[in-house]
file target-v6.cif (mmCIF, C-alpha atoms)
data_data
loop_
_atom_site.label_atom_id
_atom_site.label_comp_id
_atom_site.auth_asym_id
_atom_site.auth_seq_id
_atom_site.Cartn_x
_atom_site.Cartn_y
_atom_site.Cartn_z
CA MET U 1 127.52 -18.95 -22.20
CA ASP U 2 127.45 -15.27 -23.16
CA LYS U 3 127.01 -14.58 -26.89
CA ASN U 4 130.27 -12.61 -26.84
CA ASP U 5 132.14 -15.79 -25.87
CA TYR U 6 131.63 -17.60 -29.19
CA ILE U 7 131.32 -17.25 -32.97
CA PHE U 8 129.08 -19.52 -35.04
CA GLY U 9 128.95 -20.35 -38.73
CA ILE U 10 131.79 -21.71 -40.86
CA ARG U 11 132.48 -18.51 -42.83
CA ALA U 12 132.46 -16.39 -39.68
CA ILE U 13 134.90 -18.76 -37.95
CA LEU U 14 137.25 -18.76 -40.96
CA GLU U 15 137.28 -14.96 -40.95
CA ALA U 16 137.89 -14.90 -37.19
CA ILE U 17 140.90 -17.21 -37.55
CA GLU U 18 142.31 -15.14 -40.42
CA SER U 19 141.88 -11.91 -38.44
CA GLY U 20 143.91 -13.29 -35.54
CA LYS U 21 141.16 -13.63 -32.92
CA SER U 22 142.14 -15.70 -29.87
CA ILE U 23 140.18 -18.94 -30.16
CA ASP U 24 140.06 -21.46 -27.33
CA LYS U 25 138.66 -24.31 -29.43
CA VAL U 26 136.38 -25.07 -32.35
CA LEU U 27 133.43 -27.41 -31.88
CA VAL U 28 132.44 -29.23 -35.07
CA ARG U 29 129.45 -31.49 -35.66
CA ARG U 30 130.58 -35.10 -35.80
CA ASP U 31 129.35 -35.78 -39.32
CA LEU U 32 130.09 -32.35 -40.80
CA GLY U 33 131.23 -32.59 -44.43
CA GLY U 34 131.53 -30.56 -47.61
CA ASP U 35 134.17 -28.30 -49.18
CA LEU U 36 133.64 -25.42 -46.75
CA ALA U 37 133.91 -27.75 -43.77
CA LYS U 38 137.11 -29.20 -45.24
CA GLU U 39 138.54 -25.69 -45.57
CA LEU U 40 137.71 -25.00 -41.91
CA LEU U 41 139.34 -28.21 -40.72
CA GLU U 42 142.50 -27.46 -42.70
CA LYS U 43 142.61 -23.91 -41.32
CA VAL U 44 142.17 -25.13 -37.74
CA LYS U 45 145.02 -27.60 -38.22
CA THR U 46 147.30 -24.99 -39.81
CA TYR U 47 146.83 -22.57 -36.92
CA GLY U 48 147.14 -25.24 -34.24
CA ILE U 49 143.66 -24.62 -32.82
CA VAL U 50 142.05 -27.34 -30.71
CA MET U 51 139.10 -28.97 -32.48
CA GLN U 52 136.49 -31.25 -30.97
CA ARG U 53 133.93 -33.37 -32.83
CA VAL U 54 130.68 -33.12 -30.90
CA PRO U 55 127.02 -34.16 -31.33
CA MET U 56 124.55 -31.64 -32.73
CA GLU U 57 122.90 -31.37 -29.29
CA ARG U 58 126.08 -29.87 -27.83
CA LEU U 59 126.10 -27.14 -30.47
CA ASN U 60 122.40 -26.45 -30.06
CA ARG U 61 122.85 -25.96 -26.32
CA ILE U 62 125.15 -23.05 -27.11
CA THR U 63 122.98 -21.48 -29.79
CA MET U 64 119.90 -22.46 -31.80
CA LYS U 65 120.83 -20.04 -34.58
CA ASN U 66 122.18 -21.28 -37.92
CA HIS U 67 125.61 -22.42 -36.73
CA GLN U 68 126.15 -24.69 -39.78
CA GLY U 69 127.60 -27.36 -37.53
CA ALA U 70 130.51 -25.28 -36.22
CA ILE U 71 131.03 -22.98 -33.23
CA ALA U 72 134.30 -21.32 -32.16
CA ILE U 73 134.73 -20.67 -28.43
CA LEU U 74 136.71 -17.48 -27.98
CA SER U 75 139.51 -17.02 -25.46
CA PRO U 76 139.77 -13.67 -23.62
CA VAL U 77 143.56 -14.05 -23.73
CA GLY U 78 145.93 -15.43 -26.36
CA TYR U 79 148.02 -18.49 -25.51
CA SER U 80 151.82 -18.59 -25.38
CA ARG U 81 154.13 -21.41 -26.51
CA LEU U 82 156.87 -23.10 -24.49
CA ASP U 83 159.25 -22.98 -27.46
CA THR U 84 159.05 -19.18 -27.30
CA ILE U 85 158.80 -18.48 -23.59
CA ILE U 86 161.57 -20.84 -22.35
CA PRO U 87 164.46 -19.18 -24.24
CA GLN U 88 163.06 -15.69 -23.66
CA LEU U 89 163.11 -16.05 -19.87
CA TYR U 90 166.69 -17.32 -19.92
CA GLU U 91 167.71 -14.47 -22.24
CA ASP U 92 166.16 -12.05 -19.75
CA GLY U 93 168.37 -13.49 -17.02
CA LYS U 94 165.49 -15.02 -15.08
CA THR U 95 165.44 -18.09 -12.87
CA PRO U 96 162.02 -19.26 -14.07
CA LEU U 97 159.20 -20.37 -11.80
CA ALA U 98 156.41 -22.22 -13.59
CA VAL U 99 153.22 -24.07 -12.72
CA VAL U 100 152.07 -27.10 -14.72
CA LEU U 101 148.44 -28.16 -14.38
CA ASP U 102 147.97 -31.85 -15.15
CA GLY U 103 144.24 -32.34 -15.64
CA VAL U 104 142.83 -29.49 -13.53
CA THR U 105 139.37 -29.15 -15.07
CA ASP U 106 137.49 -26.72 -12.84
CA ALA U 107 137.62 -23.14 -14.14
CA ARG U 108 137.38 -21.74 -10.61
CA ASN U 109 140.38 -23.77 -9.46
CA PHE U 110 142.32 -22.75 -12.56
CA GLY U 111 141.47 -19.11 -11.96
CA ALA U 112 142.36 -19.28 -8.26
CA ILE U 113 145.71 -20.89 -9.08
CA ALA U 114 146.41 -18.20 -11.68
CA ARG U 115 145.61 -15.49 -9.12
CA THR U 116 148.07 -16.94 -6.61
CA ALA U 117 150.61 -17.53 -9.39
CA ASP U 118 150.56 -13.87 -10.33
CA CYS U 119 150.97 -12.80 -6.70
CA ALA U 120 153.88 -15.25 -6.28
CA GLY U 121 155.72 -14.03 -9.38
CA VAL U 122 155.18 -17.15 -11.49
CA ASP U 123 156.52 -16.69 -15.01
CA PHE U 124 154.03 -18.92 -16.82
CA ILE U 125 151.41 -21.64 -16.44
CA VAL U 126 151.25 -24.78 -18.61
CA ILE U 127 148.00 -26.59 -19.45
CA PRO U 128 147.30 -29.45 -21.88
CA GLU U 129 145.01 -29.08 -24.89
CA ARG U 130 142.50 -31.67 -23.66
CA ASN U 131 140.95 -32.66 -20.33
CA SER U 132 141.81 -29.32 -18.82
CA ALA U 133 140.27 -26.02 -17.86
CA SER U 134 141.21 -23.28 -20.31
CA VAL U 135 141.26 -19.49 -20.44
CA THR U 136 137.56 -18.71 -20.51
CA SER U 137 135.66 -15.73 -19.14
CA ASP U 138 134.78 -17.79 -16.03
CA ALA U 139 138.45 -18.61 -15.42
CA VAL U 140 139.46 -14.97 -15.91
CA LYS U 141 136.81 -13.88 -13.44
CA ALA U 142 137.94 -16.46 -10.87
CA SER U 143 141.52 -15.24 -11.33
CA ALA U 144 140.49 -11.65 -10.52
CA GLY U 145 142.08 -10.69 -13.85
CA ALA U 146 145.41 -12.44 -13.18
CA LEU U 147 145.09 -14.40 -16.43
CA PHE U 148 145.60 -11.12 -18.27
CA TYR U 149 149.11 -11.00 -16.76
CA VAL U 150 150.40 -14.57 -16.35
CA PRO U 151 151.22 -16.21 -19.71
CA VAL U 152 149.46 -19.54 -20.28
CA CYS U 153 151.16 -22.10 -22.52
CA ARG U 154 148.75 -24.66 -23.93
CA GLU U 155 150.73 -27.70 -25.08
CA GLN U 156 149.63 -30.90 -26.81
CA ASP U 157 149.86 -32.87 -23.58
CA THR U 158 151.33 -32.52 -20.09
CA LEU U 159 153.89 -35.30 -20.48
CA ARG U 160 155.55 -33.71 -23.50
CA ALA U 161 155.52 -30.31 -21.82
CA VAL U 162 157.21 -31.67 -18.68
CA LYS U 163 159.85 -33.48 -20.74
CA LYS U 164 160.55 -30.26 -22.64
CA LEU U 165 160.95 -28.35 -19.38
CA LYS U 166 163.35 -31.00 -18.05
CA GLU U 167 165.41 -30.83 -21.23
CA ASN U 168 165.72 -27.09 -20.66
CA GLY U 169 167.06 -27.36 -17.13
CA TYR U 170 163.90 -27.14 -15.02
CA LEU U 171 163.59 -29.07 -11.77
CA ILE U 172 160.18 -30.81 -11.86
CA VAL U 173 158.47 -30.79 -8.46
CA GLY U 174 155.27 -32.82 -8.26
CA ALA U 175 152.75 -31.91 -5.57
CA SER U 176 151.63 -35.31 -4.29
CA GLU U 177 150.65 -36.98 -1.04
CA LYS U 178 152.81 -39.86 -2.30
CA GLY U 179 155.88 -37.73 -1.72
CA ALA U 180 158.42 -39.02 0.78
CA GLU U 181 159.55 -35.52 1.71
CA SER U 182 157.81 -32.37 2.88
CA TYR U 183 157.21 -29.68 0.27
CA ILE U 184 159.63 -27.40 2.16
CA MET U 185 162.55 -29.72 1.35
CA ALA U 186 162.47 -29.05 -2.41
CA ASP U 187 164.82 -26.40 -3.83
CA TYR U 188 162.77 -23.65 -5.46
CA THR U 189 165.74 -21.33 -6.06
CA VAL U 190 166.63 -23.05 -9.35
CA PRO U 191 164.56 -23.03 -12.56
CA VAL U 192 161.55 -25.02 -11.34
CA ALA U 193 158.16 -26.22 -12.55
CA ILE U 194 155.60 -27.19 -9.92
CA VAL U 195 153.14 -29.81 -11.16
CA MET U 196 149.63 -29.81 -9.72
CA GLY U 197 147.39 -32.78 -10.49
CA ALA U 198 143.71 -33.26 -11.26
CA GLU U 199 141.14 -32.53 -8.57
CA ASP U 200 140.11 -36.17 -8.23
CA THR U 201 143.05 -38.33 -9.31
CA GLY U 202 146.11 -36.13 -8.81
CA ILE U 203 149.11 -36.21 -11.13
CA SER U 204 148.90 -38.84 -13.86
CA PRO U 205 151.29 -41.81 -13.46
CA GLU U 206 153.34 -41.03 -16.58
CA VAL U 207 153.89 -37.43 -15.48
CA LEU U 208 154.57 -38.54 -11.90
CA ARG U 209 157.47 -40.65 -13.18
CA GLN U 210 159.03 -37.57 -14.77
CA CYS U 211 159.08 -35.59 -11.52
CA ASP U 212 162.51 -35.05 -9.97
CA CYS U 213 160.94 -34.95 -6.51
CA LEU U 214 157.49 -35.36 -4.99
CA ALA U 215 156.49 -32.72 -2.48
CA ALA U 216 153.92 -33.65 0.17
CA ILE U 217 151.96 -31.16 2.26
CA PRO U 218 151.34 -32.49 5.80
CA ILE U 219 147.67 -33.29 6.49
CA LEU U 220 146.87 -33.30 10.21
CA GLY U 221 143.08 -33.48 10.17
CA ASN U 222 140.45 -35.93 8.99
CA ILE U 223 140.17 -34.81 5.35
CA GLY U 224 142.73 -36.59 3.19
CA SER U 225 143.74 -33.78 0.85
CA LEU U 226 143.65 -30.05 0.17
CA ASN U 227 141.82 -28.35 -2.66
CA VAL U 228 144.26 -28.10 -5.59
CA SER U 229 144.23 -24.30 -5.61
CA VAL U 230 144.97 -24.17 -1.88
CA ALA U 231 147.78 -26.72 -2.26
CA ALA U 232 149.25 -24.66 -5.11
CA GLY U 233 149.20 -21.58 -2.88
CA VAL U 234 151.00 -23.36 -0.05
CA ILE U 235 153.82 -24.60 -2.31
CA LEU U 236 154.14 -21.40 -4.32
CA TYR U 237 154.62 -19.34 -1.19
CA GLU U 238 157.32 -21.71 0.02
CA ALA U 239 159.01 -20.96 -3.31
CA VAL U 240 158.54 -17.22 -2.62
CA ARG U 241 160.01 -17.62 0.88
CA GLN U 242 163.07 -19.47 -0.40
CA ARG U 243 163.65 -17.06 -3.26
CA LEU U 244 163.41 -13.96 -1.09
CA ALA U 245 165.74 -15.54 1.48
CA ALA U 246 168.20 -16.27 -1.35
CA GLY U 247 168.21 -12.63 -2.38
CA PHE U 248 165.85 -12.75 -5.35
CA LYS U 249 164.48 -9.31 -6.08
CA LYS U 250 160.76 -8.66 -6.18
CA SER U 251 159.68 -8.29 -9.79
#
call {"tool": "encode", "arguments": {"input": "target-v6.cif", "output": "structure tokens"}}
result
Amino acid sequence: MDKNDYIFGIRAILEAIESGKSIDKVLVRRDLGGDLAKELLEKVKTYGIVMQRVPMERLNRITMKNHQGAIAILSPVGYSRLDTIIPQLYEDGKTPLAVVLDGVTDARNFGAIARTADCAGVDFIVIPERNSASVTSDAVKASAGALFYVPVCREQDTLRAVKKLKENGYLIVGASEKGAESYIMADYTVPVAIVMGAEDTGISPEVLRQCDCLAAIPILGNIGSLNVSVAAGVILYEAVRQRLAAGFKKS
């Protein structure tokens, strides 16, 4: 990890939070205590920053300097919130197109999906706070800079995010080989969120149950599934095809 990707030391992290720096997460030694540590934990909670308790060895792998048991991993891009972006898109007269990543952990896959999402006119991407790739320098590089343009909403968990999208009129399309219909049968001309699952296990069962339809991509060869970023590209460009055919203007 490049030294510009993190801040270490409790005081330095507190100042970074107060100054408005975009922080991906704060790593804190498991047994960290004391008044200053308590102040940091309260500040992290107040600002809604993800915190992880980790062993000392994890911190030392990042830096052997005097980190005082706390390291903040910086994000090259600030995160958005669904509560803000959902009403704004409707106010702008948009028919939103979103991508929800349910457990995609590889930064290169995340970046590749973001790159395709930008090209396809996706309005925002949703990721969960935990067990997910996040907006790091590696992800930005893999996205060819697309993560500077496509808003990323990091929500507490995927299930709550999907339920919130449903409540706000989004059709939830799950990309799954379990789907009874081809991906081309879904209607992408309405407000829609396309859910892509984890690289190894796919969409989690609880999120799968929230999907309004399951879209399957035909597999004609010997390998049982596509890479998640490739699958996302296939479905997103079906959405582009349908929207252009319906008279949507290029943004």
call {"tool": "closest_atom_pairs", "arguments": {"input": "target-v6.cif", "of": "segment 69-118 of chain U", "to": "segment 230-236 of chain U", "cutoff": "12 Å", "atoms": "only C-alpha atoms", "output": "JSON lines"}}
result
{"residue": "U:Leu97", "atom": "CA", "partner": "U:Leu236", "partner_atom": "CA", "distance": 9.1}
{"residue": "U:Ala98", "atom": "CA", "partner": "U:Leu236", "partner_atom": "CA", "distance": 9.6}
{"residue": "U:Val99", "atom": "CA", "partner": "U:Ala232", "partner_atom": "CA", "distance": 8.6}
{"residue": "U:Val100", "atom": "CA", "partner": "U:Ala232", "partner_atom": "CA", "distance": 10.3}
{"residue": "U:Leu101", "atom": "CA", "partner": "U:Ala232", "partner_atom": "CA", "distance": 9.9}
{"residue": "U:Val104", "atom": "CA", "partner": "U:Ala232", "partner_atom": "CA", "distance": 11.6}
{"residue": "U:Arg108", "atom": "CA", "partner": "U:Val230", "partner_atom": "CA", "distance": 11.8}
{"residue": "U:Asn109", "atom": "CA", "partner": "U:Val230", "partner_atom": "CA", "distance": 8.9}
{"residue": "U:Phe110", "atom": "CA", "partner": "U:Ala232", "partner_atom": "CA", "distance": 10.4}
{"residue": "U:Gly111", "atom": "CA", "partner": "U:Ala232", "partner_atom": "CA", "distance": 11.8}
{"residue": "U:Ala112", "atom": "CA", "partner": "U:Val230", "partner_atom": "CA", "distance": 8.5}
{"residue": "U:Ile113", "atom": "CA", "partner": "U:Ala232", "partner_atom": "CA", "distance": 6.5}
{"residue": "U:Ala114", "atom": "CA", "partner": "U:Ala232", "partner_atom": "CA", "distance": 9.6}
{"residue": "U:Arg115", "atom": "CA", "partner": "U:Gly233", "partner_atom": "CA", "distance": 9.4}
{"residue": "U:Thr116", "atom": "CA", "partner": "U:Gly233", "partner_atom": "CA", "distance": 6.1}
{"residue": "U:Ala117", "atom": "CA", "partner": "U:Leu236", "partner_atom": "CA", "distance": 7.3}
{"residue": "U:Asp118", "atom": "CA", "partner": "U:Leu236", "partner_atom": "CA", "distance": 10.3}
call {"tool": "atom_distance", "arguments": {"input": "target-v6.cif", "atom1": "atom CA of Ile86 of chain U", "atom2": "atom CA of Val150 of chain U"}}
result
14.1 Å
call {"tool": "axis_aligned_box", "arguments": {"input": "target-v6.cif", "around": "segment 166-175 of chain U", "padding_each_side": "8 Å", "output": "AutoDock Vina command-line options"}}
result
--center_x 159.9 --center_y -30.0 --center_z -13.4 --size_x 30.3 --size_y 21.7 --size_z 31.7
call {"tool": "atom_distance", "arguments": {"input": "target-v6.cif", "atom1": "atom CA of Lys43 of chain U", "atom2": "atom CA of Val77 of chain U"}}
result
20.2 Å
call {"tool": "closest_residue", "arguments": {"input": "target-v6.cif", "among": "U:Gln156, U:Ser80, U:Thr136, U:Gln68", "to": "Asp24 of chain U", "atoms": "all atoms listed in the file"}}
result
U:Thr136
call {"tool": "residues_near_point", "arguments": {"input": "target-v6.cif", "point": "(156.0, -35.9, 1.6)", "cutoff": "8 Å", "atoms": "all atoms listed in the file", "output": "list of chain:residue names"}}
result
U:Ser176, U:Glu177, U:Lys178, U:Gly179, U:Ala180, U:Glu181, U:Ser182, U:Tyr183, U:Leu214, U:Ala215, U:Ala216, U:Ile217, U:Pro218
call {"tool": "resolve_selection", "arguments": {"input": "target-v6.cif", "expression": "the PyMOL selection byres ((chain U and resi 41) around 12)", "output": "VMD selection string"}}
result
chain U and resid 10 13 to 14 17 25 to 29 32 to 40 42 to 53 70
call {"tool": "resolve_selection", "arguments": {"input": "target-v6.cif", "expression": "the PyMOL selection byres ((chain U and resi 78) around 9)", "output": "list in words"}}
result
Lys21, Ser22, Ile23, Asp24, Ser75, Pro76, Val77, Tyr79, Ser80, Val135, Pro151 and Val152 of chain U
call {"tool": "closest_residue", "arguments": {"input": "target-v6.cif", "among": "U:Val228, U:Leu208, U:Val240, U:Leu147", "to": "Thr189 of chain U", "atoms": "all atoms listed in the file"}}
result
U:Val240
call {"tool": "resolve_selection", "arguments": {"input": "target-v6.cif", "expression": "the PyMOL selection byres ((chain U and resi 168-174) around 6)", "output": "PyMOL selection string"}}
result
chain U and resi 165-167+175-176+191-195+211-215
call {"tool": "closest_residue", "arguments": {"input": "target-v6.cif", "among": "U:Asp5, U:Glu18, U:Asp157, U:Glu199", "to": "Thr105 of chain U", "atoms": "all atoms listed in the file"}}
result
U:Glu199
call {"tool": "residues_around", "arguments": {"input": "target-v6.cif", "residues": "segment 54-63 of chain U", "least_positions_apart": "3", "cutoff": "9 Å", "atoms": "only C-alpha atoms", "output": "list in words"}}
result
Met1, Lys3, Tyr6, Phe8, Leu27, Val28, Arg29, Arg30, Asp31, Asn66, His67, Gly69, Ala70 and Ile71 of chain U
call {"tool": "write_last_selection", "arguments": {"input": "target-v6.cif", "atoms": "C-alpha atoms", "output": "PDB file, keeping the file's coordinate frame"}}
result
ATOM      1  CA  MET U   1     127.520 -18.950 -22.200  1.00  0.00           C
ATOM      2  CA  LYS U   3     127.010 -14.580 -26.890  1.00  0.00           C
ATOM      3  CA  TYR U   6     131.630 -17.600 -29.190  1.00  0.00           C
ATOM      4  CA  PHE U   8     129.080 -19.520 -35.040  1.00  0.00           C
ATOM      5  CA  LEU U  27     133.430 -27.410 -31.880  1.00  0.00           C
ATOM      6  CA  VAL U  28     132.440 -29.230 -35.070  1.00  0.00           C
ATOM      7  CA  ARG U  29     129.450 -31.490 -35.660  1.00  0.00           C
ATOM      8  CA  ARG U  30     130.580 -35.100 -35.800  1.00  0.00           C
ATOM      9  CA  ASP U  31     129.350 -35.780 -39.320  1.00  0.00           C
ATOM     10  CA  ASN U  66     122.180 -21.280 -37.920  1.00  0.00           C
ATOM     11  CA  HIS U  67     125.610 -22.420 -36.730  1.00  0.00           C
ATOM     12  CA  GLY U  69     127.600 -27.360 -37.530  1.00  0.00           C
ATOM     13  CA  ALA U  70     130.510 -25.280 -36.220  1.00  0.00           C
ATOM     14  CA  ILE U  71     131.030 -22.980 -33.230  1.00  0.00           C
TER      15      ILE U  71
END
call {"tool": "atom_distance", "arguments": {"input": "target-v6.cif", "atom1": "atom CA of Gly197 of chain U", "atom2": "atom CA of Gly103 of chain U"}}
result
6.1 Å
call {"tool": "closest_residue", "arguments": {"input": "target-v6.cif", "among": "U:Ala239, U:Val207, U:Met196, U:Ile127", "to": "Pro96 of chain U", "atoms": "all atoms listed in the file"}}
result
U:Ala239
call {"tool": "residues_around", "arguments": {"input": "target-v6.cif", "residues": "Asp138 of chain U", "least_positions_apart": "3", "cutoff": "7 Å", "atoms": "all atoms listed in the file", "output": "list in words"}}
result
Ala107, Lys141 and Ala142 of chain U
call {"tool": "build_atoms", "arguments": {"input": "target-v6.cif", "residues": "segment 71-99 of chain U", "atoms": "N, CA and C atoms", "output": "PDB file, in the frame of the given file"}}
result
ATOM      1  N   ILE U  71     131.015 -24.109 -34.164  1.00  0.00           N
ATOM      2  CA  ILE U  71     131.030 -22.980 -33.230  1.00  0.00           C
ATOM      3  C   ILE U  71     132.454 -22.832 -32.700  1.00  0.00           C
ATOM      4  N   ALA U  72     132.970 -21.613 -32.705  1.00  0.00           N
ATOM      5  CA  ALA U  72     134.300 -21.320 -32.160  1.00  0.00           C
ATOM      6  C   ALA U  72     134.127 -20.659 -30.793  1.00  0.00           C
ATOM      7  N   ILE U  73     134.743 -21.250 -29.776  1.00  0.00           N
ATOM      8  CA  ILE U  73     134.730 -20.670 -28.430  1.00  0.00           C
ATOM      9  C   ILE U  73     135.922 -19.727 -28.327  1.00  0.00           C
ATOM     10  N   LEU U  74     135.656 -18.475 -28.031  1.00  0.00           N
ATOM     11  CA  LEU U  74     136.710 -17.480 -27.980  1.00  0.00           C
ATOM     12  C   LEU U  74     137.441 -17.504 -26.643  1.00  0.00           C
ATOM     13  N   SER U  75     138.699 -17.133 -26.668  1.00  0.00           N
ATOM     14  CA  SER U  75     139.510 -17.020 -25.460  1.00  0.00           C
ATOM     15  C   SER U  75     139.741 -15.536 -25.183  1.00  0.00           C
ATOM     16  N   PRO U  76     139.532 -15.084 -23.930  1.00  0.00           N
ATOM     17  CA  PRO U  76     139.770 -13.670 -23.620  1.00  0.00           C
ATOM     18  C   PRO U  76     141.233 -13.287 -23.747  1.00  0.00           C
ATOM     19  N   VAL U  77     142.115 -14.288 -23.715  1.00  0.00           N
ATOM     20  CA  VAL U  77     143.560 -14.050 -23.730  1.00  0.00           C
ATOM     21  C   VAL U  77     144.213 -15.013 -24.712  1.00  0.00           C
ATOM     22  N   GLY U  78     145.198 -14.554 -25.455  1.00  0.00           N
ATOM     23  CA  GLY U  78     145.930 -15.430 -26.360  1.00  0.00           C
ATOM     24  C   GLY U  78     146.872 -16.349 -25.594  1.00  0.00           C
ATOM     25  N   TYR U  79     147.125 -17.531 -26.139  1.00  0.00           N
ATOM     26  CA  TYR U  79     148.020 -18.490 -25.510  1.00  0.00           C
ATOM     27  C   TYR U  79     149.466 -18.257 -25.952  1.00  0.00           C
ATOM     28  N   SER U  80     150.400 -18.637 -25.074  1.00  0.00           N
ATOM     29  CA  SER U  80     151.820 -18.590 -25.380  1.00  0.00           C
ATOM     30  C   SER U  80     152.297 -19.997 -25.725  1.00  0.00           C
ATOM     31  N   ARG U  81     153.557 -20.108 -26.187  1.00  0.00           N
ATOM     32  CA  ARG U  81     154.130 -21.410 -26.510  1.00  0.00           C
ATOM     33  C   ARG U  81     155.423 -21.593 -25.720  1.00  0.00           C
ATOM     34  N   LEU U  82     155.657 -22.807 -25.240  1.00  0.00           N
ATOM     35  CA  LEU U  82     156.870 -23.100 -24.490  1.00  0.00           C
ATOM     36  C   LEU U  82     158.121 -22.827 -25.325  1.00  0.00           C
ATOM     37  N   ASP U  83     158.081 -23.157 -26.600  1.00  0.00           N
ATOM     38  CA  ASP U  83     159.250 -22.980 -27.460  1.00  0.00           C
ATOM     39  C   ASP U  83     159.679 -21.513 -27.528  1.00  0.00           C
ATOM     40  N   THR U  84     158.747 -20.614 -27.283  1.00  0.00           N
ATOM     41  CA  THR U  84     159.050 -19.180 -27.300  1.00  0.00           C
ATOM     42  C   THR U  84     159.420 -18.666 -25.915  1.00  0.00           C
ATOM     43  N   ILE U  85     158.646 -19.070 -24.919  1.00  0.00           N
ATOM     44  CA  ILE U  85     158.800 -18.480 -23.590  1.00  0.00           C
ATOM     45  C   ILE U  85     160.023 -19.006 -22.849  1.00  0.00           C
ATOM     46  N   ILE U  86     160.411 -20.271 -23.058  1.00  0.00           N
ATOM     47  CA  ILE U  86     161.570 -20.840 -22.350  1.00  0.00           C
ATOM     48  C   ILE U  86     162.855 -20.070 -22.677  1.00  0.00           C
ATOM     49  N   PRO U  87     163.221 -19.918 -23.959  1.00  0.00           N
ATOM     50  CA  PRO U  87     164.460 -19.180 -24.240  1.00  0.00           C
ATOM     51  C   PRO U  87     164.390 -17.710 -23.865  1.00  0.00           C
ATOM     52  N   GLN U  88     163.197 -17.118 -23.974  1.00  0.00           N
ATOM     53  CA  GLN U  88     163.060 -15.690 -23.660  1.00  0.00           C
ATOM     54  C   GLN U  88     163.359 -15.414 -22.197  1.00  0.00           C
ATOM     55  N   LEU U  89     162.873 -16.254 -21.303  1.00  0.00           N
ATOM     56  CA  LEU U  89     163.110 -16.050 -19.870  1.00  0.00           C
ATOM     57  C   LEU U  89     164.588 -16.186 -19.540  1.00  0.00           C
ATOM     58  N   TYR U  90     165.253 -17.163 -20.151  1.00  0.00           N
ATOM     59  CA  TYR U  90     166.690 -17.320 -19.920  1.00  0.00           C
ATOM     60  C   TYR U  90     167.462 -16.120 -20.480  1.00  0.00           C
ATOM     61  N   GLU U  91     167.055 -15.638 -21.647  1.00  0.00           N
ATOM     62  CA  GLU U  91     167.710 -14.470 -22.240  1.00  0.00           C
ATOM     63  C   GLU U  91     167.549 -13.237 -21.358  1.00  0.00           C
ATOM     64  N   ASP U  92     166.416 -13.176 -20.647  1.00  0.00           N
ATOM     65  CA  ASP U  92     166.160 -12.050 -19.750  1.00  0.00           C
ATOM     66  C   ASP U  92     166.879 -12.189 -18.410  1.00  0.00           C
ATOM     67  N   GLY U  93     167.629 -13.280 -18.246  1.00  0.00           N
ATOM     68  CA  GLY U  93     168.370 -13.490 -17.020  1.00  0.00           C
ATOM     69  C   GLY U  93     167.547 -13.976 -15.845  1.00  0.00           C
ATOM     70  N   LYS U  94     166.386 -14.563 -16.137  1.00  0.00           N
ATOM     71  CA  LYS U  94     165.490 -15.020 -15.080  1.00  0.00           C
ATOM     72  C   LYS U  94     165.841 -16.429 -14.606  1.00  0.00           C
ATOM     73  N   THR U  95     165.455 -16.725 -13.379  1.00  0.00           N
ATOM     74  CA  THR U  95     165.440 -18.090 -12.870  1.00  0.00           C
ATOM     75  C   THR U  95     163.965 -18.484 -12.838  1.00  0.00           C
ATOM     76  N   PRO U  96     163.471 -19.123 -13.883  1.00  0.00           N
ATOM     77  CA  PRO U  96     162.020 -19.260 -14.070  1.00  0.00           C
ATOM     78  C   PRO U  96     161.329 -20.073 -12.980  1.00  0.00           C
ATOM     79  N   LEU U  97     160.117 -19.649 -12.686  1.00  0.00           N
ATOM     80  CA  LEU U  97     159.200 -20.370 -11.800  1.00  0.00           C
ATOM     81  C   LEU U  97     157.920 -20.601 -12.584  1.00  0.00           C
ATOM     82  N   ALA U  98     157.568 -21.874 -12.773  1.00  0.00           N
ATOM     83  CA  ALA U  98     156.410 -22.220 -13.590  1.00  0.00           C
ATOM     84  C   ALA U  98     155.466 -23.137 -12.829  1.00  0.00           C
ATOM     85  N   VAL U  99     154.226 -23.150 -13.256  1.00  0.00           N
ATOM     86  CA  VAL U  99     153.220 -24.070 -12.720  1.00  0.00           C
ATOM     87  C   VAL U  99     152.674 -24.883 -13.886  1.00  0.00           C
TER      88      VAL U  99
END
